[in-house]
Amino acid sequence: MMEIRFHGRGGQGAVTAAELMAQAAILDGKYAQAFPNFGPERRGAPVTAFLRVSDQPIYLREKIESPDTVVVLDPTLIDLVNVADGLKPGGMLVMNLAASGRGALAKYGDQFQVAVVDASRIAVETIGIPVTNTAILGSLIKACGITSLKTMEGPMERRFGRLAAKNLLALQRAFEETEVLAAPAAPSPADAPVVQEPCTYAELLQREALLVWDQLQIGCDIDRPGSTAAFHTGNWRSAGRPFIDRDKCISCGFCHVYCPDLAMNFTDDGAIEWDHRYCKGCGICAEECPKGAISMREESHEQ
Amino acid sequence: MEAAIDTQKISMKNLPAFEALASGHRACQGCGEVLAMRLAMKALGERIIVVSATGCMEVITTPYPQTSWLVPWMHVAFENASAVGSGVAGALLALARKGRLAGGDTKIVIMGGDGGTSDIGMQSLSGALERGHDFVYLCFDNEAYMNTGIQRSSATPRCAWTTTCPLGEEHPGKQEAKKDLVGIVEKHHIPYLATATPAYPFDLMNKVRRGAQVKGPAFIHVLAPCPTGWRIPTQEVIKVARLAVQTRDYPLYEVVNGKYILGKPGKNPKPVAEYLKAQGRFKHLSENDLAAMQQEVDERFAQLQWLASRP
């Protein structure tokens with residue numbers, strides 16, 4: 001049995017990717033199951049989905065703790081979550097990374113096999129939007145087999161209708177452009193999977209992970225009001241951030257009133273200040289600014 | 001005794017600085033519901049106890065062991081938020097009678113989504129309204145079960161797509177009409193009832209504040225646009241909610257002691273198609289469907305005008 005975990009952001013289609021692959025494996029005569037992690041996961045937030053494929057019926061119904069393969073749809077997740085958590089030594093990491101981002105692989109190279117592809121660029125060039133869930137499946141097929149490009153056609157056509165052709169092209173191109181890096185030396189059996197260390201309460205607050213059952217307090221009391229403030233949702237932004245044109249801004253406060261994340265606030269002297277720690281990049285402020293003083297631009301844009 | 005709720009009318013000039021929520025909550029990008037909740041809490045101020053039914057707002061504000069809340073807040077099941085709220089209101093009365101509650105008045109705020117209000121929490125809400133406890137009920141209606149992945153609720157409008165009313169050939173989208181929750185609540189003859197949306201933030205805040213000032217139950221129904229479930233770009237959330245009002249699909253009004261007060265209706269309403277076509281969940285609608293929807297909206301609005309014209 002092969003167990004695969006997908007890392008993406010809510011809305012990027014990680015769950016769809018797992019489902020499409022499961023449908024293709026079933027068409028190949030195998031047994032498969034695909035399901036999302038159940039939890040408070042939202043558009044833009046880091047999410048996981050799971051896929052099991054086997055030649056035998058699968059009776060397991062729990063989420064995958066130690067996968068054989070991990071698929072990463074969004075390169076910004078590498079700094080955010082431990083994508084290799086529980087990955088078996090010598091397991092496969094399928095990563096969406098631009099050529100310029102390969103430096104991030106150094107920490108994985110000697111423990112795992114790595115397949116890398118610039119799926120974001122392929123998706124933009126074929127589908128027109130940076131949604132990488134179909135492209136990354138091409139890489140997964142190149143790296144691990146499981147099914148064939150041909151078998152993927154049926155499930156993709158059913159799922160995407162007239163958009164299937166573009167998505168199949170993304171799949172094909174990712175298959176061709178995926179680079180499988182040299183496998184590490186055979187791991188010794190003593191190598192344990194990477195497990196997260198226990199952490200302090202302050203560290204816990206900054207994580208997405210919830211407590212496990214034996215750490216819960218009776219009644220689930222929380223005696224730290226406003227403690228989510230330690231969790232910075234700013235890293236959910238994936239499509240730019242607001243920039244305020246100080247010449248146009250009249251500090252009217254509408255961006256402050258309309259911000260769902262309290263990321264546009266008045267300073268003591270009455271000016272509007274953007275809070276990079278919490279802004280999720282929804283763009284409401286730019287849309288609603290009565291003076292057109294706010295524009296959404298790439299993070300690297302110089303003001 | 002010090003009153004719980006400030007009586008001043010809210011405008012941009014005297015916007016309360018108070019926030020009941022901290023940042024770092026896990027709402028989707030561009031969430032209209034958490035925005036509506038934030039504004040409502042701003043209007044209510046810190047002398048409140050919040051009882052919340054299960055739903056998006058519970059899940060995103062309290063990923064245990066963290067919480068965004070800066071006021072006393074309690075999560076209970078889908079079906080019993082109003083019952084628990086009634087209990088808290090009763091407990092406050094008992095403590096005050098025994099002289100064990102110092103520091104003035106406290107308002108009970110009960111909140112739920114459309115699922116927690118018009119589906120699962122309906123009977124406990126009805127009971128609490130009938131018994132007449134002193135509370136404000138905030139219903140944040142995003143027109144489906146968004147938290148669990150966009151399943152239809154009784155508040156989902158006719159024709160809308162959800163994952164449990166998909167676009168079949170025979171039955172494209174939901175076939176049934178949206179439950180008239182506000183109408184049902186109105187028949188309980190409570191002192192204050194209003195509809196609001198975060199696209200009109202000061203209207204929303206002032207209605208919440210007026211509701212909180214009355215003695216007895218007040219009910220605020222808030223149309224809370226959901227970019228994830230309505231299939232709209234995150235930056236257009238406010239625009240779409242505004243279109244709901246401008247097209248008269250979601251008229252803003254109050255019912256004060258049985259008297260309907262219609263918000264300024266605007267002389268030239270936009271066609272409802274503008275509101276519907278802005279959303280992916282309605283993109284399958286044909287011209288015939290749109291005409292039928294327009295007729296439905298016109299009839300509902302005419303009925304509302306008739307109600308508002310009664311002395």
# chains A, B, ... in the order shown; residues from 1 in each chain; ligands from 1
call {"tool": "select_by_dssp", "arguments": {"residues": "range 43-218 of chain B", "states": "strand (DSSP E)", "output": "short mmCIF file (atom, residue, chain, number, x, y, z; two decimals) with C-alpha atoms, in the first residue's frame"}}
result
data_model
loop_
_atom_site.label_atom_id
_atom_site.label_comp_id
_atom_site.auth_asym_id
_atom_site.auth_seq_id
_atom_site.Cartn_x
_atom_site.Cartn_y
_atom_site.Cartn_z
CA ILE B 48 -21.45 41.34 27.29
CA ILE B 49 -21.45 37.58 27.63
CA VAL B 50 -21.49 35.79 24.29
CA VAL B 51 -23.04 32.36 23.78
CA SER B 52 -22.22 30.88 20.39
CA TRP B 73 -17.57 33.61 25.39
CA MET B 74 -19.09 30.16 25.53
CA HIS B 75 -19.45 27.59 22.78
CA LYS B 107 -26.08 42.01 28.16
CA ILE B 108 -26.44 38.44 26.89
CA VAL B 109 -25.53 38.00 23.24
CA ILE B 110 -26.48 34.76 21.51
CA MET B 111 -25.17 34.08 18.04
CA GLY B 112 -25.43 31.42 15.39
CA GLY B 113 -25.21 30.91 11.68
CA PHE B 135 -30.83 39.06 25.09
CA VAL B 136 -29.70 40.02 21.60
CA TYR B 137 -29.69 37.23 19.04
CA LEU B 138 -27.32 37.70 16.10
CA CYS B 139 -27.95 35.40 13.14
CA PHE B 140 -25.08 35.51 10.64
CA ASP B 141 -26.68 34.06 7.53
CA TYR B 192 -36.97 44.56 18.23
CA LEU B 193 -36.13 42.84 14.95
CA ALA B 194 -33.91 44.06 12.12
CA THR B 195 -32.05 42.98 9.00
CA ALA B 196 -28.54 44.21 8.25
CA ALA B 218 -33.94 41.46 20.07
#
call {"tool": "interface_residues", "arguments": {"of": "chain A", "to": "chain B", "cutoff": "7 Å", "atoms": "only C-alpha atoms", "output": "list in words"}}
result
Pro40, Arg42, Arg43, Gly44, Leu205, Leu210, Ile222, Pro225, Gly226, Ser227, Thr228, Ala229, Ala230, Phe231, His232, Thr233, Tyr258, Cys259, Pro260, Asp261, Leu262, Tyr278, Lys280, Gly281, Cys282, Gly283, Ile284 and Glu287 of chain A
call {"tool": "select_by_dssp", "arguments": {"residues": "range 41-244 of chain B", "states": "alpha helix (DSSP H)", "output": "PDB file with N, CA and C atoms, in the first residue's frame"}}
result
ATOM      1  N   MET B  41     -19.945  43.392  17.484  1.00  0.00           N
ATOM      2  CA  MET B  41     -19.342  43.407  18.820  1.00  0.00           C
ATOM      3  C   MET B  41     -18.827  44.804  19.176  1.00  0.00           C
ATOM      4  N   LYS B  42     -18.324  45.534  18.161  1.00  0.00           N
ATOM      5  CA  LYS B  42     -17.891  46.909  18.367  1.00  0.00           C
ATOM      6  C   LYS B  42     -19.042  47.742  18.919  1.00  0.00           C
ATOM      7  N   ALA B  43     -20.234  47.519  18.344  1.00  0.00           N
ATOM      8  CA  ALA B  43     -21.400  48.294  18.773  1.00  0.00           C
ATOM      9  C   ALA B  43     -21.836  47.909  20.179  1.00  0.00           C
ATOM     10  N   LEU B  44     -21.644  46.637  20.542  1.00  0.00           N
ATOM     11  CA  LEU B  44     -22.139  46.164  21.837  1.00  0.00           C
ATOM     12  C   LEU B  44     -21.232  46.584  22.992  1.00  0.00           C
ATOM     13  N   CYS B  56     -19.139  28.303  11.646  1.00  0.00           N
ATOM     14  CA  CYS B  56     -17.882  28.922  11.206  1.00  0.00           C
ATOM     15  C   CYS B  56     -17.273  29.790  12.297  1.00  0.00           C
ATOM     16  N   MET B  57     -18.089  30.671  12.884  1.00  0.00           N
ATOM     17  CA  MET B  57     -17.535  31.672  13.790  1.00  0.00           C
ATOM     18  C   MET B  57     -16.966  31.036  15.053  1.00  0.00           C
ATOM     19  N   GLU B  58     -17.536  29.888  15.459  1.00  0.00           N
ATOM     20  CA  GLU B  58     -16.973  29.183  16.607  1.00  0.00           C
ATOM     21  C   GLU B  58     -15.644  28.544  16.224  1.00  0.00           C
ATOM     22  N   VAL B  59     -15.614  27.894  15.065  1.00  0.00           N
ATOM     23  CA  VAL B  59     -14.428  27.146  14.654  1.00  0.00           C
ATOM     24  C   VAL B  59     -13.238  28.076  14.395  1.00  0.00           C
ATOM     25  N   ILE B  60     -13.513  29.213  13.757  1.00  0.00           N
ATOM     26  CA  ILE B  60     -12.392  30.052  13.364  1.00  0.00           C
ATOM     27  C   ILE B  60     -11.851  30.907  14.507  1.00  0.00           C
ATOM     28  N   THR B  61     -12.683  31.158  15.536  1.00  0.00           N
ATOM     29  CA  THR B  61     -12.187  32.007  16.620  1.00  0.00           C
ATOM     30  C   THR B  61     -11.542  31.210  17.743  1.00  0.00           C
ATOM     31  N   ALA B  81     -27.965  26.903  21.692  1.00  0.00           N
ATOM     32  CA  ALA B  81     -27.369  28.195  22.062  1.00  0.00           C
ATOM     33  C   ALA B  81     -28.396  29.092  22.759  1.00  0.00           C
ATOM     34  N   SER B  82     -29.631  29.111  22.244  1.00  0.00           N
ATOM     35  CA  SER B  82     -30.643  29.984  22.851  1.00  0.00           C
ATOM     36  C   SER B  82     -31.041  29.492  24.235  1.00  0.00           C
ATOM     37  N   ALA B  83     -31.059  28.174  24.411  1.00  0.00           N
ATOM     38  CA  ALA B  83     -31.409  27.632  25.729  1.00  0.00           C
ATOM     39  C   ALA B  83     -30.326  27.995  26.740  1.00  0.00           C
ATOM     40  N   VAL B  84     -29.058  27.850  26.338  1.00  0.00           N
ATOM     41  CA  VAL B  84     -27.955  28.190  27.240  1.00  0.00           C
ATOM     42  C   VAL B  84     -27.954  29.690  27.518  1.00  0.00           C
ATOM     43  N   GLY B  85     -28.203  30.486  26.477  1.00  0.00           N
ATOM     44  CA  GLY B  85     -28.287  31.935  26.667  1.00  0.00           C
ATOM     45  C   GLY B  85     -29.375  32.300  27.662  1.00  0.00           C
ATOM     46  N   SER B  86     -30.520  31.620  27.568  1.00  0.00           N
ATOM     47  CA  SER B  86     -31.612  31.853  28.528  1.00  0.00           C
ATOM     48  C   SER B  86     -31.140  31.548  29.938  1.00  0.00           C
ATOM     49  N   GLY B  87     -30.385  30.456  30.057  1.00  0.00           N
ATOM     50  CA  GLY B  87     -29.878  30.055  31.376  1.00  0.00           C
ATOM     51  C   GLY B  87     -28.926  31.092  31.952  1.00  0.00           C
ATOM     52  N   VAL B  88     -28.048  31.615  31.098  1.00  0.00           N
ATOM     53  CA  VAL B  88     -27.101  32.628  31.566  1.00  0.00           C
ATOM     54  C   VAL B  88     -27.864  33.879  32.003  1.00  0.00           C
ATOM     55  N   ALA B  89     -28.884  34.254  31.208  1.00  0.00           N
ATOM     56  CA  ALA B  89     -29.684  35.428  31.568  1.00  0.00           C
ATOM     57  C   ALA B  89     -30.351  35.206  32.925  1.00  0.00           C
ATOM     58  N   GLY B  90     -30.892  33.995  33.130  1.00  0.00           N
ATOM     59  CA  GLY B  90     -31.542  33.672  34.409  1.00  0.00           C
ATOM     60  C   GLY B  90     -30.549  33.717  35.557  1.00  0.00           C
ATOM     61  N   ALA B  91     -29.338  33.194  35.302  1.00  0.00           N
ATOM     62  CA  ALA B  91     -28.320  33.164  36.351  1.00  0.00           C
ATOM     63  C   ALA B  91     -27.921  34.579  36.760  1.00  0.00           C
ATOM     64  N   LEU B  92     -27.809  35.475  35.779  1.00  0.00           N
ATOM     65  CA  LEU B  92     -27.458  36.858  36.089  1.00  0.00           C
ATOM     66  C   LEU B  92     -28.529  37.504  36.970  1.00  0.00           C
ATOM     67  N   LEU B  93     -29.803  37.221  36.638  1.00  0.00           N
ATOM     68  CA  LEU B  93     -30.905  37.770  37.442  1.00  0.00           C
ATOM     69  C   LEU B  93     -30.828  37.269  38.874  1.00  0.00           C
ATOM     70  N   ALA B  94     -30.561  35.949  39.005  1.00  0.00           N
ATOM     71  CA  ALA B  94     -30.518  35.354  40.343  1.00  0.00           C
ATOM     72  C   ALA B  94     -29.372  35.948  41.151  1.00  0.00           C
ATOM     73  N   LEU B  95     -28.208  36.101  40.509  1.00  0.00           N
ATOM     74  CA  LEU B  95     -27.042  36.647  41.210  1.00  0.00           C
ATOM     75  C   LEU B  95     -27.287  38.092  41.626  1.00  0.00           C
ATOM     76  N   ALA B  96     -27.952  38.840  40.736  1.00  0.00           N
ATOM     77  CA  ALA B  96     -28.241  40.242  41.060  1.00  0.00           C
ATOM     78  C   ALA B  96     -29.190  40.316  42.257  1.00  0.00           C
ATOM     79  N   ARG B  97     -30.197  39.414  42.271  1.00  0.00           N
ATOM     80  CA  ARG B  97     -31.182  39.412  43.355  1.00  0.00           C
ATOM     81  C   ARG B  97     -30.509  39.105  44.686  1.00  0.00           C
ATOM     82  N   ASP B 114     -26.796  30.447   9.904  1.00  0.00           N
ATOM     83  CA  ASP B 114     -28.134  30.102   9.420  1.00  0.00           C
ATOM     84  C   ASP B 114     -28.479  28.658   9.803  1.00  0.00           C
ATOM     85  N   MET B 122     -33.665  26.067  15.847  1.00  0.00           N
ATOM     86  CA  MET B 122     -34.951  26.734  15.721  1.00  0.00           C
ATOM     87  C   MET B 122     -35.813  26.615  16.970  1.00  0.00           C
ATOM     88  N   GLN B 123     -35.923  25.407  17.533  1.00  0.00           N
ATOM     89  CA  GLN B 123     -36.881  25.284  18.647  1.00  0.00           C
ATOM     90  C   GLN B 123     -36.380  25.955  19.915  1.00  0.00           C
ATOM     91  N   SER B 124     -35.053  25.908  20.167  1.00  0.00           N
ATOM     92  CA  SER B 124     -34.583  26.582  21.382  1.00  0.00           C
ATOM     93  C   SER B 124     -34.670  28.099  21.213  1.00  0.00           C
ATOM     94  N   LEU B 125     -34.463  28.577  19.977  1.00  0.00           N
ATOM     95  CA  LEU B 125     -34.626  30.012  19.706  1.00  0.00           C
ATOM     96  C   LEU B 125     -36.074  30.432  19.943  1.00  0.00           C
ATOM     97  N   SER B 126     -37.000  29.637  19.398  1.00  0.00           N
ATOM     98  CA  SER B 126     -38.419  29.948  19.538  1.00  0.00           C
ATOM     99  C   SER B 126     -38.802  30.004  21.013  1.00  0.00           C
ATOM    100  N   GLY B 127     -38.287  29.040  21.775  1.00  0.00           N
ATOM    101  CA  GLY B 127     -38.584  29.017  23.213  1.00  0.00           C
ATOM    102  C   GLY B 127     -38.059  30.252  23.917  1.00  0.00           C
ATOM    103  N   ALA B 128     -36.822  30.619  23.601  1.00  0.00           N
ATOM    104  CA  ALA B 128     -36.207  31.763  24.280  1.00  0.00           C
ATOM    105  C   ALA B 128     -36.936  33.059  23.916  1.00  0.00           C
ATOM    106  N   LEU B 129     -37.358  33.183  22.651  1.00  0.00           N
ATOM    107  CA  LEU B 129     -38.084  34.392  22.226  1.00  0.00           C
ATOM    108  C   LEU B 129     -39.418  34.479  22.944  1.00  0.00           C
ATOM    109  N   GLU B 130     -40.082  33.330  23.063  1.00  0.00           N
ATOM    110  CA  GLU B 130     -41.410  33.319  23.680  1.00  0.00           C
ATOM    111  C   GLU B 130     -41.322  33.627  25.176  1.00  0.00           C
ATOM    112  N   ARG B 131     -40.265  33.093  25.835  1.00  0.00           N
ATOM    113  CA  ARG B 131     -40.117  33.352  27.277  1.00  0.00           C
ATOM    114  C   ARG B 131     -39.687  34.789  27.538  1.00  0.00           C
ATOM    115  N   LEU B 181     -37.001  33.168   7.804  1.00  0.00           N
ATOM    116  CA  LEU B 181     -36.648  33.157   9.220  1.00  0.00           C
ATOM    117  C   LEU B 181     -37.119  34.435   9.921  1.00  0.00           C
ATOM    118  N   VAL B 182     -36.906  35.584   9.254  1.00  0.00           N
ATOM    119  CA  VAL B 182     -37.280  36.852   9.884  1.00  0.00           C
ATOM    120  C   VAL B 182     -38.787  36.886  10.126  1.00  0.00           C
ATOM    121  N   GLY B 183     -39.551  36.354   9.161  1.00  0.00           N
ATOM    122  CA  GLY B 183     -41.005  36.285   9.320  1.00  0.00           C
ATOM    123  C   GLY B 183     -41.402  35.433  10.513  1.00  0.00           C
ATOM    124  N   ILE B 184     -40.705  34.307  10.671  1.00  0.00           N
ATOM    125  CA  ILE B 184     -41.018  33.409  11.796  1.00  0.00           C
ATOM    126  C   ILE B 184     -40.719  34.102  13.122  1.00  0.00           C
ATOM    127  N   VAL B 185     -39.574  34.772  13.168  1.00  0.00           N
ATOM    128  CA  VAL B 185     -39.202  35.460  14.409  1.00  0.00           C
ATOM    129  C   VAL B 185     -40.194  36.591  14.697  1.00  0.00           C
ATOM    130  N   GLU B 186     -40.624  37.277  13.646  1.00  0.00           N
ATOM    131  CA  GLU B 186     -41.559  38.396  13.813  1.00  0.00           C
ATOM    132  C   GLU B 186     -42.847  37.919  14.481  1.00  0.00           C
ATOM    133  N   PRO B 201     -22.025  49.223   7.171  1.00  0.00           N
ATOM    134  CA  PRO B 201     -21.495  48.923   8.507  1.00  0.00           C
ATOM    135  C   PRO B 201     -22.108  49.764   9.616  1.00  0.00           C
ATOM    136  N   PHE B 202     -22.417  51.037   9.330  1.00  0.00           N
ATOM    137  CA  PHE B 202     -22.951  51.876  10.421  1.00  0.00           C
ATOM    138  C   PHE B 202     -24.409  51.553  10.683  1.00  0.00           C
ATOM    139  N   ASP B 203     -25.144  51.236   9.611  1.00  0.00           N
ATOM    140  CA  ASP B 203     -26.512  50.759   9.760  1.00  0.00           C
ATOM    141  C   ASP B 203     -26.517  49.507  10.634  1.00  0.00           C
ATOM    142  N   LEU B 204     -25.588  48.576  10.359  1.00  0.00           N
ATOM    143  CA  LEU B 204     -25.506  47.326  11.128  1.00  0.00           C
ATOM    144  C   LEU B 204     -25.203  47.620  12.598  1.00  0.00           C
ATOM    145  N   MET B 205     -24.189  48.456  12.835  1.00  0.00           N
ATOM    146  CA  MET B 205     -23.790  48.722  14.225  1.00  0.00           C
ATOM    147  C   MET B 205     -24.910  49.413  14.998  1.00  0.00           C
ATOM    148  N   ASN B 206     -25.583  50.367  14.340  1.00  0.00           N
ATOM    149  CA  ASN B 206     -26.642  51.087  15.055  1.00  0.00           C
ATOM    150  C   ASN B 206     -27.852  50.198  15.331  1.00  0.00           C
ATOM    151  N   LYS B 207     -28.145  49.272  14.413  1.00  0.00           N
ATOM    152  CA  LYS B 207     -29.262  48.350  14.663  1.00  0.00           C
ATOM    153  C   LYS B 207     -28.936  47.415  15.827  1.00  0.00           C
ATOM    154  N   VAL B 208     -27.695  46.929  15.856  1.00  0.00           N
ATOM    155  CA  VAL B 208     -27.304  46.054  16.963  1.00  0.00           C
ATOM    156  C   VAL B 208     -27.423  46.814  18.283  1.00  0.00           C
ATOM    157  N   ARG B 209     -26.975  48.064  18.271  1.00  0.00           N
ATOM    158  CA  ARG B 209     -27.022  48.866  19.485  1.00  0.00           C
ATOM    159  C   ARG B 209     -28.471  49.134  19.911  1.00  0.00           C
ATOM    160  N   ARG B 210     -29.331  49.478  18.942  1.00  0.00           N
ATOM    161  CA  ARG B 210     -30.753  49.702  19.280  1.00  0.00           C
ATOM    162  C   ARG B 210     -31.369  48.433  19.848  1.00  0.00           C
ATOM    163  N   GLY B 211     -31.014  47.294  19.218  1.00  0.00           N
ATOM    164  CA  GLY B 211     -31.550  46.015  19.699  1.00  0.00           C
ATOM    165  C   GLY B 211     -31.128  45.735  21.130  1.00  0.00           C
ATOM    166  N   ALA B 212     -29.873  46.073  21.430  1.00  0.00           N
ATOM    167  CA  ALA B 212     -29.354  45.780  22.765  1.00  0.00           C
ATOM    168  C   ALA B 212     -29.943  46.689  23.824  1.00  0.00           C
ATOM    169  N   GLN B 213     -30.473  47.845  23.401  1.00  0.00           N
ATOM    170  CA  GLN B 213     -31.032  48.778  24.382  1.00  0.00           C
ATOM    171  C   GLN B 213     -32.433  48.400  24.832  1.00  0.00           C
ATOM    172  N   PRO B 227     -17.249  34.354   0.507  1.00  0.00           N
ATOM    173  CA  PRO B 227     -16.569  34.233  -0.784  1.00  0.00           C
ATOM    174  C   PRO B 227     -16.327  32.773  -1.189  1.00  0.00           C
ATOM    175  N   THR B 228     -16.097  31.921  -0.202  1.00  0.00           N
ATOM    176  CA  THR B 228     -15.817  30.514  -0.498  1.00  0.00           C
ATOM    177  C   THR B 228     -17.056  29.806  -1.033  1.00  0.00           C
ATOM    178  N   GLY B 229     -18.185  30.001  -0.351  1.00  0.00           N
ATOM    179  CA  GLY B 229     -19.383  29.258  -0.706  1.00  0.00           C
ATOM    180  C   GLY B 229     -20.225  29.913  -1.789  1.00  0.00           C
ATOM    181  N   TRP B 230     -20.124  31.229  -1.889  1.00  0.00           N
ATOM    182  CA  TRP B 230     -20.909  31.933  -2.909  1.00  0.00           C
ATOM    183  C   TRP B 230     -20.154  32.000  -4.220  1.00  0.00           C
ATOM    184  N   VAL B 237     -16.580  40.920  -1.797  1.00  0.00           N
ATOM    185  CA  VAL B 237     -17.541  40.544  -0.761  1.00  0.00           C
ATOM    186  C   VAL B 237     -18.497  41.688  -0.406  1.00  0.00           C
ATOM    187  N   ILE B 238     -17.927  42.877  -0.189  1.00  0.00           N
ATOM    188  CA  ILE B 238     -18.762  44.014   0.214  1.00  0.00           C
ATOM    189  C   ILE B 238     -19.642  44.450  -0.960  1.00  0.00           C
ATOM    190  N   LYS B 239     -19.058  44.439  -2.148  1.00  0.00           N
ATOM    191  CA  LYS B 239     -19.806  44.862  -3.336  1.00  0.00           C
ATOM    192  C   LYS B 239     -21.041  43.974  -3.540  1.00  0.00           C
ATOM    193  N   VAL B 240     -20.861  42.662  -3.382  1.00  0.00           N
ATOM    194  CA  VAL B 240     -21.973  41.732  -3.591  1.00  0.00           C
ATOM    195  C   VAL B 240     -23.044  41.931  -2.523  1.00  0.00           C
ATOM    196  N   ALA B 241     -22.620  42.137  -1.272  1.00  0.00           N
ATOM    197  CA  ALA B 241     -23.599  42.364  -0.203  1.00  0.00           C
ATOM    198  C   ALA B 241     -24.367  43.659  -0.451  1.00  0.00           C
ATOM    199  N   ARG B 242     -23.684  44.643  -1.004  1.00  0.00           N
ATOM    200  CA  ARG B 242     -24.340  45.913  -1.303  1.00  0.00           C
ATOM    201  C   ARG B 242     -25.366  45.712  -2.429  1.00  0.00           C
ATOM    202  N   LEU B 243     -24.986  44.898  -3.420  1.00  0.00           N
ATOM    203  CA  LEU B 243     -25.909  44.612  -4.521  1.00  0.00           C
ATOM    204  C   LEU B 243     -27.166  43.902  -4.008  1.00  0.00           C
ATOM    205  N   ALA B 244     -27.007  43.055  -2.997  1.00  0.00           N
ATOM    206  CA  ALA B 244     -28.174  42.359  -2.442  1.00  0.00           C
ATOM    207  C   ALA B 244     -29.207  43.369  -1.970  1.00  0.00           C
TER     208      ALA B 244
END
call {"tool": "residues_around", "arguments": {"residues": "Thr134 in chain A", "least_positions_apart": "5", "cutoff": "12 Å", "atoms": "only C-alpha atoms", "output": "PyMOL selection string"}}
result
chain A and resi 12-21+71+73+96+119-120+122-124+126-127+129+139-141+149+152-153+155-157+159-160+163-175
call {"tool": "residues_around", "arguments": {"residues": "Lys30 in chain A", "least_positions_apart": "6", "cutoff": "8 Å", "atoms": "only C-alpha atoms", "output": "number ranges by chain"}}
result
A: 53-56
call {"tool": "residues_around", "arguments": {"residues": "Pro311 in chain B", "least_positions_apart": "5", "cutoff": "12 Å", "atoms": "only C-alpha atoms", "output": "short mmCIF file (atom, residue, chain, number, x, y, z; two decimals) with C-alpha atoms, in the first residue's frame"}}
result
data_model
loop_
_atom_site.label_atom_id
_atom_site.label_comp_id
_atom_site.auth_asym_id
_atom_site.auth_seq_id
_atom_site.Cartn_x
_atom_site.Cartn_y
_atom_site.Cartn_z
CA GLY B 258 -44.66 45.16 15.57
CA LYS B 259 -44.26 48.29 13.41
CA TYR B 260 -42.36 47.72 10.17
CA ILE B 261 -39.86 50.47 9.29
CA TRP B 306 -47.56 46.98 2.36
#
call {"tool": "residues_around", "arguments": {"residues": "range 290-292 of chain B", "least_positions_apart": "3", "cutoff": "9 Å", "atoms": "only C-alpha atoms", "output": "list in words"}}
result
Val272, Ala273, Leu276, Leu285, Ser286, Glu287, Gln295, Glu296 and Val297 of chain B
call {"tool": "residues_around", "arguments": {"residues": "Glu273 in chain A", "least_positions_apart": "4", "cutoff": "10 Å", "atoms": "only C-alpha atoms", "output": "short mmCIF file (atom, residue, chain, number, x, y, z; two decimals) with C-alpha atoms, in the first residue's frame"}}
result
data_model
loop_
_atom_site.label_atom_id
_atom_site.label_comp_id
_atom_site.auth_asym_id
_atom_site.auth_seq_id
_atom_site.Cartn_x
_atom_site.Cartn_y
_atom_site.Cartn_z
CA ILE A 244 -1.40 52.73 0.55
CA SER A 251 -7.48 58.61 6.62
CA HIS A 256 -10.33 49.93 8.91
CA ALA A 263 -5.04 44.60 9.61
CA MET A 264 -5.81 48.25 8.75
CA ASN A 265 -5.63 50.36 11.89
CA PHE A 266 -5.34 53.96 12.99
CA THR A 267 -2.04 55.02 14.48
#
call {"tool": "closest_residue", "arguments": {"among": "A:Leu51, A:Ala25, A:Ile64, A:Val131", "to": "Gly8 in chain A", "atoms": "only C-alpha atoms"}}
result
A:Val131
call {"tool": "closest_residue", "arguments": {"among": "B:Ile190, B:Leu304, B:Ile220, B:Ile232", "to": "Arg281 in chain B", "atoms": "only C-alpha atoms"}}
result
B:Ile232
call {"tool": "decode", "arguments": {"residues": "range 203-218 of chain B", "atoms": "C-alpha atoms", "output": "PDB file, in the first residue's frame"}}
result
ATOM      1  CA  ASP B 203     -26.512  50.759   9.760  1.00  0.00           C
ATOM      2  CA  LEU B 204     -25.506  47.326  11.128  1.00  0.00           C
ATOM      3  CA  MET B 205     -23.790  48.722  14.225  1.00  0.00           C
ATOM      4  CA  ASN B 206     -26.642  51.087  15.055  1.00  0.00           C
ATOM      5  CA  LYS B 207     -29.262  48.350  14.663  1.00  0.00           C
ATOM      6  CA  VAL B 208     -27.304  46.054  16.963  1.00  0.00           C
ATOM      7  CA  ARG B 209     -27.022  48.866  19.485  1.00  0.00           C
ATOM      8  CA  ARG B 210     -30.753  49.702  19.280  1.00  0.00           C
ATOM      9  CA  GLY B 211     -31.550  46.015  19.699  1.00  0.00           C
ATOM     10  CA  ALA B 212     -29.354  45.780  22.765  1.00  0.00           C
ATOM     11  CA  GLN B 213     -31.032  48.778  24.382  1.00  0.00           C
ATOM     12  CA  VAL B 214     -34.503  47.265  24.445  1.00  0.00           C
ATOM     13  CA  LYS B 215     -35.539  45.177  27.423  1.00  0.00           C
ATOM     14  CA  GLY B 216     -36.339  41.659  26.214  1.00  0.00           C
ATOM     15  CA  PRO B 217     -35.347  39.717  23.132  1.00  0.00           C
ATOM     16  CA  ALA B 218     -33.942  41.464  20.069  1.00  0.00           C
TER      17      ALA B 218
END
